[in-house]
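Notes for the one structure printed next.
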Amino acid sequence: MYYKSTRNFENRVTASQAILKGIAEDGGLYVPETMPHLTFDWQLLANQSYQEVALPILQAFLPDFTTEELQECIQGAYDEKFDDAAIAPVVSFDKQLSVLELFHGNTIAFKDMALSILPYLMTTAAKKHGLQEEIVILTATSGDTGKAAMAGFADVSQTRIIVFYPKDGVSQIQERQMVTQTGENTTVIGIDGNFDDAQTMVKNLFADESLKATLKARGFQFSSANSINIGRLVPQVVYYVYAYAQLVKQGRIIAGNKVNFAVPTGNFGNILAGYYAKQLGVPIGRLICASNANNVLVDFFNQGIYDKNRPFFVTTSPSMDILVSSNLERLVYELVGGDTQHTAQLMQLLSQTGSYQVDASLLSPLQQFYANDASEAETAQAIQAVLATYHYVMDPHTAVAFSVYQKYQQQTQDDTPTVILSTASPYKFPRSVVSALETVSDDVSDIELIERLQIISNIPIPEAVTSVIHAPVRHQKVVAVNEMKQAVLDTLN
Ligand SMILES: *Cc1c(COP(=O)(O)O)cnc(C)c1O
């Protein structure tokens with residue numbers, strides 16, 4: 001099985017090449033030329049570990065890796081750095097509703113699920129191709145990817161990692177996690193701008209031929225740890241399969257029954273993995289796409305019009321404060337029947353005018369999705385309601401998904417068992433979470449709020465939080481968006 005660019009069907013590469021490159025030269029994203037399909041033995045899977053469930057899925061999507069290579073990658077990634085042996089535990093609230101906790105890794109957000117294995121996949125791919133250059137991971141982060149990528153790549157030989165984050169767009173804990181990052185090969189730079197500015201500039205740098213040539217002469221090659229890399233996307237398919245198997249194990253569904261998944265969505269990576277899982281053969285009903293006030297996807301799903309020309313809101317779910325959802329390009333490619341020229345035209349329109357429209361006749365596959373948004377007030381109400389009803393504290397991103405799930409339920413009366421993907425620990429966003437539950441004055445520090453949260457939630461404070469509170473700051477650089485290229489050159493001098 002090969003991967004090809006969404007913008008040019010002649011640009012074909014193997015899975016390992018796609019992981020090394022991250023993004024295609026033409027600016028497109030790599031997609032499987034033919035989608036794999038598996039027949040699942042749910043009784044067997046129900047009794048398997050996360051690591052065991054992962055293997056056949058990675059084999060299906062990454063056929064040019066050997067079984068031994070994949071096993072090594074899986075064992076290296078999903079080990080004691082996760083603070084729960086299940087890796088991604090499924091917590092059931094009642095007959096109908098469960099939560100898939102994706103925040104038990106190094107940085108207590110769901111990005112760890114894929115970023116703990118990506119460095120293994122990438123270094124294995126580099127060996128396979130006899131790559132001489134050092135791999136430079138260039139990443140724009142809305143708060144969680146950067147830290148999770150650095151945790152994965154820190155001190156991994158033959159790699160460097162440079163992370164750009166919006167200086168005023170992340171939580172205090174998120175910022176502390178990043179600026180205290182250790183590892184000789186890590187660089188963290190704040191930018192005066194938002195995530196979209198950072199992501200757009202990073203994409204431009206990837207496409208900058210002269211920069212590429214300069215860096216090649218210095219012995220470097222770019223790759224990406226953003227969710228445009230299939231090495232991010234494929235490991236995310238695993239937890240949809242695992243969650244389904246766990247529901248079978250818990251007796252909440254009979255194997256073969258449909259399950260809905262509600263996904264707090266930003267760059268459309270997580271939910272796209274759910275869509276791939278469905279195509280792989282997991283009995284998934286609706287994929288519920290939940291947005292915050294930055295609801296550009298909601299309009300796309302309801303009208304087929306993508307329009308990023310709108311105000312940008314900084315919300316309490318910052319990892320979803322995104323107006324250009326990169327991975328949507330992979331869905332658009334499917335909507336237009338795999339026509340790479342058509343996809344390229346639409347993406348060109350997006351970069352030139354900020355908007356595009358998919359013809360109404362092509363939109364029927366979108367019925368597998370439901371999209372809606374939650375306001376800031378609704379998000380806070382969801383945190384309250386879930387605590388009151390289920391004695392469970394949700395982070396604001398997860399609460400957005402819960403709120404949208406409630407809207408879906410009210411509108412459709414659909415009583416299909418549903419799994420809410422919980423993408424962050426509430427400890428990553430203590431101010432927003434505690435403020436949703438009680439009055440918090442501005443002079444209370446995040447550290448005090450963490451202690452308060454422990455009393456409210458009765459969950460131990462994760463080591464990922466305690467370890468950064470007193471760690472020394474190692475990164476202080478802040479640049480303007482148009483200085484990002486120079487900052488990369490300086491770092492790699
Ligand atoms: C990244 C992130 C999201 C959004 O996921 P996408 O794959 O970008 O749609 C949601 N919640 C949290 C906590 C995140 O870190």
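Chain labels run A, B, ... following the order of the structure tokens; each chain numbers its residues from 1, and ligands are numbered from 1 in the order shown.
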
Environment of ligand 1 within 10 Å, counting only C-alpha atoms and all ligand atoms, reported as JSON, numbers by chain: {"A": [102, 103, 107, 108, 109, 110, 111, 112, 141, 142, 143, 144, 145, 146, 148, 226, 227, 228, 232, 233, 236, 263, 264, 265, 266, 267, 268, 269, 270, 271, 272, 273, 289, 290, 291, 317, 318, 319, 320, 321, 322, 325, 326, 327, 328, 395, 396, 397, 398, 399, 400, 401, 421, 422, 423, 424, 425, 426, 428, 429]}

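Using only C-alpha atoms, the smallest distance between any of A:Gly193, A:Gly337, A:Pro36, A:Pro235 and A:Ser116 comes from A:Pro235.
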
Pairwise distance for atom CA of A:Val163 and atom CA of A:Gly190, rounded to one decimal in Å: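 Those two atoms sit 8.3 Å apart.
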
Residues near A:Tyr275, cut-off 12 Å, only C-alpha atoms, skip fewer than 4 positions along chain, as a VMD selection string: chain A and resid 35 233 to 234 236 to 238 240 to 241 260 to 263 268 to 271 279 to 289 327 to 328 330 to 331 334 365 to 366 368 to 369

Got a sec: who's within 12 Å of A:Gln381, counting only C-alpha atoms, leaving out chain neighbours fewer than 2 positions off, as a PDB file with C-alpha atoms, in the first residue's frame?
ATOM      1  CA  ALA A 374     -20.439  24.952  22.741  1.00  0.00           C
ATOM      2  CA  SER A 375     -20.126  28.507  24.012  1.00  0.00           C
ATOM      3  CA  GLU A 376     -17.920  29.394  26.960  1.00  0.00           C
ATOM      4  CA  ALA A 377     -20.932  29.411  29.272  1.00  0.00           C
ATOM      5  CA  GLU A 378     -22.136  26.045  27.982  1.00  0.00           C
ATOM      6  CA  THR A 379     -18.655  24.590  28.494  1.00  0.00           C
ATOM      7  CA  ILE A 383     -18.154  20.867  33.759  1.00  0.00           C
ATOM      8  CA  GLN A 384     -20.660  21.580  36.562  1.00  0.00           C
ATOM      9  CA  ALA A 385     -23.270  19.143  35.289  1.00  0.00           C
ATOM     10  CA  VAL A 386     -20.833  16.268  34.855  1.00  0.00           C
ATOM     11  CA  LEU A 387     -19.464  16.776  38.353  1.00  0.00           C
ATOM     12  CA  ALA A 388     -22.962  16.943  39.846  1.00  0.00           C
ATOM     13  CA  THR A 389     -24.348  13.968  37.914  1.00  0.00           C
ATOM     14  CA  VAL A 393     -14.232  16.360  36.652  1.00  0.00           C
ATOM     15  CA  MET A 394     -13.766  17.077  32.951  1.00  0.00           C
ATOM     16  CA  PRO A 396     -12.748  22.202  29.236  1.00  0.00           C
ATOM     17  CA  ALA A 399     -16.603  19.463  28.378  1.00  0.00           C
ATOM     18  CA  VAL A 400     -17.102  21.012  24.935  1.00  0.00           C
ATOM     19  CA  PHE A 402     -20.041  16.650  26.411  1.00  0.00           C
ATOM     20  CA  SER A 403     -22.072  19.792  25.775  1.00  0.00           C
ATOM     21  CA  VAL A 404     -22.286  19.094  22.046  1.00  0.00           C
ATOM     22  CA  GLN A 406     -26.135  16.761  24.889  1.00  0.00           C
ATOM     23  CA  SER A 432     -10.797  27.233  33.790  1.00  0.00           C
ATOM     24  CA  VAL A 433     -12.007  24.108  35.555  1.00  0.00           C
ATOM     25  CA  VAL A 434     -12.150  25.533  39.075  1.00  0.00           C
ATOM     26  CA  SER A 435     -13.639  28.794  37.763  1.00  0.00           C
ATOM     27  CA  ALA A 436     -16.454  26.775  36.201  1.00  0.00           C
ATOM     28  CA  LEU A 437     -17.265  25.340  39.622  1.00  0.00           C
ATOM     29  CA  GLU A 438     -16.776  28.267  42.008  1.00  0.00           C
TER      30      GLU A 438
END

Residue among A:Arg452, A:Asp196, A:Ser224, A:Gln75 lying closest to A:Ala149, counting only C-alpha atoms: A:Ser224

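Atom CA of A:Glu175 lies 11.8 Å from atom CA of A:Arg474.
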
Length of the atom CA of A:Phe93 to atom CA of A:Thr466 vector [Å]: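 Between these atoms lies a distance of 28.6 Å.
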
Distance criterion (only C-alpha atoms): nearest to A:Asp443 out of A:Gly183, A:Gln174, A:Asn47, A:Arg431: A:Arg431

For A:Glu209: contacts at 12 Å, only C-alpha atoms, fewer than 4 positions along chain excluded, given as a PyMOL selection string: chain A and resi 25-26+204-205+213-216+221-222

Emit the selected residues as a PDB file, in the first residue's frame, including C-alpha atoms.
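What follows is the written file part_28.pdb:
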ATOM      1  CA  GLU A  25       6.306  18.772  -1.468  1.00  0.00           C
ATOM      2  CA  ASP A  26       3.194  20.106  -3.190  1.00  0.00           C
ATOM      3  CA  ASN A 204       5.477  28.011   4.398  1.00  0.00           C
ATOM      4  CA  LEU A 205       8.861  27.072   5.828  1.00  0.00           C
ATOM      5  CA  ALA A 213      18.702  23.712   0.386  1.00  0.00           C
ATOM      6  CA  THR A 214      20.501  25.788   3.023  1.00  0.00           C
ATOM      7  CA  LEU A 215      19.619  23.287   5.718  1.00  0.00           C
ATOM      8  CA  LYS A 216      20.547  20.307   3.573  1.00  0.00           C
ATOM      9  CA  GLN A 221      16.127  17.656   6.818  1.00  0.00           C
ATOM     10  CA  PHE A 222      12.710  18.864   7.982  1.00  0.00           C
TER      11      PHE A 222
END

Determine, counting only C-alpha atoms, which protein, DNA and RNA residues have an atom within 10 Å of an atom of A:Ser98; residues of the same chain fewer than 4 positions away are not included. Present the result as an mmCIF file with C-alpha atoms, in the first residue's frame.
data_model
loop_
_atom_site.group_PDB
_atom_site.id
_atom_site.type_symbol
_atom_site.label_atom_id
_atom_site.label_comp_id
_atom_site.auth_asym_id
_atom_site.auth_seq_id
_atom_site.Cartn_x
_atom_site.Cartn_y
_atom_site.Cartn_z
ATOM 1 C CA VAL A 90 -12.622 3.593 29.341
ATOM 2 C CA VAL A 91 -14.691 4.987 32.235
ATOM 3 C CA SER A 92 -18.406 4.298 31.978
ATOM 4 C CA PHE A 93 -20.906 6.773 33.452
ATOM 5 C CA ASP A 94 -24.041 4.783 32.723
ATOM 6 C CA ALA A 243 -12.387 1.634 23.204
ATOM 7 C CA LEU A 247 -17.147 -1.682 25.682
ATOM 8 C CA ARG A 252 -22.077 -2.419 27.451
ATOM 9 C CA PHE A 261 -17.854 8.909 19.389
ATOM 10 C CA PRO A 417 -23.984 4.083 23.243
ATOM 11 C CA THR A 418 -21.578 6.986 22.977
ATOM 12 C CA VAL A 419 -17.949 7.436 23.944
ATOM 13 C CA ILE A 420 -16.705 10.926 24.733
ATOM 14 C CA LEU A 421 -13.031 11.314 23.970
ATOM 15 C CA SER A 422 -11.405 13.008 26.930
#

A:Pro166, A:Thr123, A:Ser457, A:Met178 ranked by distance to A:Glu69, top pick (using only C-alpha atoms):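 Of the candidates, the smallest distance to A:Glu69 is held by A:Thr123.
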
Tell me, which residues of stretch 190-436 of chain A carry DSSP strand (DSSP E), written as a PDB file with N, CA and C atoms, in the first residue's frame?
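Final output, result30.pdb:
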ATOM      1  N   GLY A 190       8.358  31.359  21.657  1.00  0.00           N
ATOM      2  CA  GLY A 190       7.035  31.987  21.665  1.00  0.00           C
ATOM      3  C   GLY A 190       6.894  32.897  20.460  1.00  0.00           C
ATOM      4  N   ILE A 191       5.678  33.033  19.944  1.00  0.00           N
ATOM      5  CA  ILE A 191       5.493  34.014  18.862  1.00  0.00           C
ATOM      6  C   ILE A 191       4.399  35.016  19.243  1.00  0.00           C
ATOM      7  N   ASP A 192       4.572  36.226  18.725  1.00  0.00           N
ATOM      8  CA  ASP A 192       3.530  37.246  18.883  1.00  0.00           C
ATOM      9  C   ASP A 192       2.510  36.988  17.789  1.00  0.00           C
ATOM     10  N   PHE A 220      20.792  18.922   7.547  1.00  0.00           N
ATOM     11  CA  PHE A 220      19.473  18.782   8.190  1.00  0.00           C
ATOM     12  C   PHE A 220      18.367  18.504   7.172  1.00  0.00           C
ATOM     13  N   GLN A 221      17.335  17.833   7.627  1.00  0.00           N
ATOM     14  CA  GLN A 221      16.127  17.656   6.818  1.00  0.00           C
ATOM     15  C   GLN A 221      14.897  17.855   7.710  1.00  0.00           C
ATOM     16  N   PHE A 222      13.929  18.608   7.201  1.00  0.00           N
ATOM     17  CA  PHE A 222      12.710  18.864   7.982  1.00  0.00           C
ATOM     18  C   PHE A 222      11.787  17.666   8.046  1.00  0.00           C
ATOM     19  N   SER A 223      11.091  17.510   9.160  1.00  0.00           N
ATOM     20  CA  SER A 223       9.883  16.700   9.168  1.00  0.00           C
ATOM     21  C   SER A 223       8.886  17.337  10.139  1.00  0.00           C
ATOM     22  N   VAL A 259     -21.504   2.213  17.837  1.00  0.00           N
ATOM     23  CA  VAL A 259     -21.134   3.133  18.922  1.00  0.00           C
ATOM     24  C   VAL A 259     -20.857   4.492  18.295  1.00  0.00           C
ATOM     25  N   ASN A 260     -21.302   5.568  18.959  1.00  0.00           N
ATOM     26  CA  ASN A 260     -20.944   6.924  18.523  1.00  0.00           C
ATOM     27  C   ASN A 260     -19.727   7.404  19.303  1.00  0.00           C
ATOM     28  N   PHE A 261     -18.970   8.281  18.681  1.00  0.00           N
ATOM     29  CA  PHE A 261     -17.854   8.909  19.389  1.00  0.00           C
ATOM     30  C   PHE A 261     -18.009  10.427  19.304  1.00  0.00           C
ATOM     31  N   ALA A 262     -17.876  11.094  20.443  1.00  0.00           N
ATOM     32  CA  ALA A 262     -17.944  12.560  20.463  1.00  0.00           C
ATOM     33  C   ALA A 262     -16.537  13.094  20.697  1.00  0.00           C
ATOM     34  N   VAL A 263     -16.074  13.965  19.796  1.00  0.00           N
ATOM     35  CA  VAL A 263     -14.661  14.335  19.766  1.00  0.00           C
ATOM     36  C   VAL A 263     -14.478  15.849  19.820  1.00  0.00           C
ATOM     37  N   PRO A 264     -13.794  16.348  20.850  1.00  0.00           N
ATOM     38  CA  PRO A 264     -13.461  17.778  20.882  1.00  0.00           C
ATOM     39  C   PRO A 264     -12.443  18.073  19.786  1.00  0.00           C
ATOM     40  N   ILE A 284     -18.853   1.989  13.846  1.00  0.00           N
ATOM     41  CA  ILE A 284     -19.071   3.329  14.385  1.00  0.00           C
ATOM     42  C   ILE A 284     -20.313   3.933  13.733  1.00  0.00           C
ATOM     43  N   GLY A 285     -21.190   4.521  14.543  1.00  0.00           N
ATOM     44  CA  GLY A 285     -22.374   5.191  14.030  1.00  0.00           C
ATOM     45  C   GLY A 285     -22.006   6.611  13.624  1.00  0.00           C
ATOM     46  N   ARG A 286     -22.357   7.572  14.492  1.00  0.00           N
ATOM     47  CA  ARG A 286     -22.042   8.971  14.185  1.00  0.00           C
ATOM     48  C   ARG A 286     -20.736   9.380  14.842  1.00  0.00           C
ATOM     49  N   LEU A 287     -19.998  10.228  14.141  1.00  0.00           N
ATOM     50  CA  LEU A 287     -18.830  10.890  14.713  1.00  0.00           C
ATOM     51  C   LEU A 287     -19.271  12.314  15.033  1.00  0.00           C
ATOM     52  N   ILE A 288     -19.289  12.631  16.314  1.00  0.00           N
ATOM     53  CA  ILE A 288     -19.824  13.920  16.745  1.00  0.00           C
ATOM     54  C   ILE A 288     -18.661  14.903  16.882  1.00  0.00           C
ATOM     55  N   CYS A 289     -18.672  15.890  16.004  1.00  0.00           N
ATOM     56  CA  CYS A 289     -17.563  16.848  15.908  1.00  0.00           C
ATOM     57  C   CYS A 289     -17.915  18.068  16.756  1.00  0.00           C
ATOM     58  N   ALA A 290     -17.173  18.261  17.844  1.00  0.00           N
ATOM     59  CA  ALA A 290     -17.493  19.335  18.787  1.00  0.00           C
ATOM     60  C   ALA A 290     -16.488  20.472  18.664  1.00  0.00           C
ATOM     61  N   SER A 291     -17.002  21.676  18.458  1.00  0.00           N
ATOM     62  CA  SER A 291     -16.154  22.869  18.368  1.00  0.00           C
ATOM     63  C   SER A 291     -16.456  23.799  19.515  1.00  0.00           C
ATOM     64  N   ILE A 305     -19.533  24.912   3.266  1.00  0.00           N
ATOM     65  CA  ILE A 305     -18.711  26.106   3.029  1.00  0.00           C
ATOM     66  C   ILE A 305     -17.690  26.234   4.147  1.00  0.00           C
ATOM     67  N   TYR A 306     -16.417  26.292   3.749  1.00  0.00           N
ATOM     68  CA  TYR A 306     -15.366  26.508   4.747  1.00  0.00           C
ATOM     69  C   TYR A 306     -14.937  27.959   4.614  1.00  0.00           C
ATOM     70  N   ASP A 307     -15.051  28.716   5.687  1.00  0.00           N
ATOM     71  CA  ASP A 307     -14.716  30.142   5.605  1.00  0.00           C
ATOM     72  C   ASP A 307     -14.016  30.575   6.880  1.00  0.00           C
ATOM     73  N   SER A 355     -11.468  30.954   1.907  1.00  0.00           N
ATOM     74  CA  SER A 355     -12.674  30.122   1.941  1.00  0.00           C
ATOM     75  C   SER A 355     -12.799  29.262   0.680  1.00  0.00           C
ATOM     76  N   TYR A 356     -13.619  28.226   0.771  1.00  0.00           N
ATOM     77  CA  TYR A 356     -13.952  27.402  -0.389  1.00  0.00           C
ATOM     78  C   TYR A 356     -15.273  26.727  -0.119  1.00  0.00           C
ATOM     79  N   GLN A 357     -15.863  26.187  -1.192  1.00  0.00           N
ATOM     80  CA  GLN A 357     -17.148  25.527  -1.046  1.00  0.00           C
ATOM     81  C   GLN A 357     -17.096  24.190  -1.770  1.00  0.00           C
ATOM     82  N   PHE A 369     -21.337  12.336  10.157  1.00  0.00           N
ATOM     83  CA  PHE A 369     -20.884  13.235  11.214  1.00  0.00           C
ATOM     84  C   PHE A 369     -22.068  14.050  11.741  1.00  0.00           C
ATOM     85  N   TYR A 370     -21.904  14.574  12.932  1.00  0.00           N
ATOM     86  CA  TYR A 370     -22.803  15.607  13.439  1.00  0.00           C
ATOM     87  C   TYR A 370     -21.877  16.674  13.993  1.00  0.00           C
ATOM     88  N   ALA A 371     -22.135  17.935  13.679  1.00  0.00           N
ATOM     89  CA  ALA A 371     -21.243  18.987  14.166  1.00  0.00           C
ATOM     90  C   ALA A 371     -22.035  20.068  14.876  1.00  0.00           C
ATOM     91  N   ASN A 372     -21.521  20.494  16.016  1.00  0.00           N
ATOM     92  CA  ASN A 372     -22.118  21.624  16.715  1.00  0.00           C
ATOM     93  C   ASN A 372     -21.045  22.226  17.611  1.00  0.00           C
ATOM     94  N   ASP A 373     -21.405  23.365  18.241  1.00  0.00           N
ATOM     95  CA  ASP A 373     -20.414  24.038  19.077  1.00  0.00           C
ATOM     96  C   ASP A 373     -20.968  24.306  20.465  1.00  0.00           C
ATOM     97  N   THR A 418     -22.494   5.959  23.466  1.00  0.00           N
ATOM     98  CA  THR A 418     -21.578   6.986  22.977  1.00  0.00           C
ATOM     99  C   THR A 418     -20.354   7.069  23.875  1.00  0.00           C
ATOM    100  N   VAL A 419     -19.202   7.251  23.228  1.00  0.00           N
ATOM    101  CA  VAL A 419     -17.949   7.436  23.944  1.00  0.00           C
ATOM    102  C   VAL A 419     -17.488   8.872  23.725  1.00  0.00           C
ATOM    103  N   ILE A 420     -17.263   9.577  24.830  1.00  0.00           N
ATOM    104  CA  ILE A 420     -16.705  10.926  24.733  1.00  0.00           C
ATOM    105  C   ILE A 420     -15.191  10.810  24.858  1.00  0.00           C
ATOM    106  N   LEU A 421     -14.483  11.362  23.889  1.00  0.00           N
ATOM    107  CA  LEU A 421     -13.031  11.314  23.970  1.00  0.00           C
ATOM    108  C   LEU A 421     -12.551  12.426  24.898  1.00  0.00           C
ATOM    109  N   SER A 422     -11.922  12.020  25.989  1.00  0.00           N
ATOM    110  CA  SER A 422     -11.405  13.008  26.930  1.00  0.00           C
ATOM    111  C   SER A 422      -9.960  13.291  26.586  1.00  0.00           C
TER     112      SER A 422
END

Pick from A:Ser364, A:Gln17, A:Gln43, A:Thr315, whichever lies nearest to A:Thr124 using only C-alpha atoms: A:Gln17

Surrounding residues of A:Glu72 excluding itself and chain neighbours under 4 positions, 10 Å, only C-alpha atoms, as a list of chain:residue names: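 Listed by chain and then number, they are A:Thr66, A:Thr67, A:Glu68, A:Gly76, A:Ala77, A:Ile117, A:Tyr120, A:Leu121, A:Thr124.
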
From A:Leu489, A:Ala344, A:Ala277, A:Ile173, residue lying nearest A:Ile57 [only C-alpha atoms]: A:Ala277
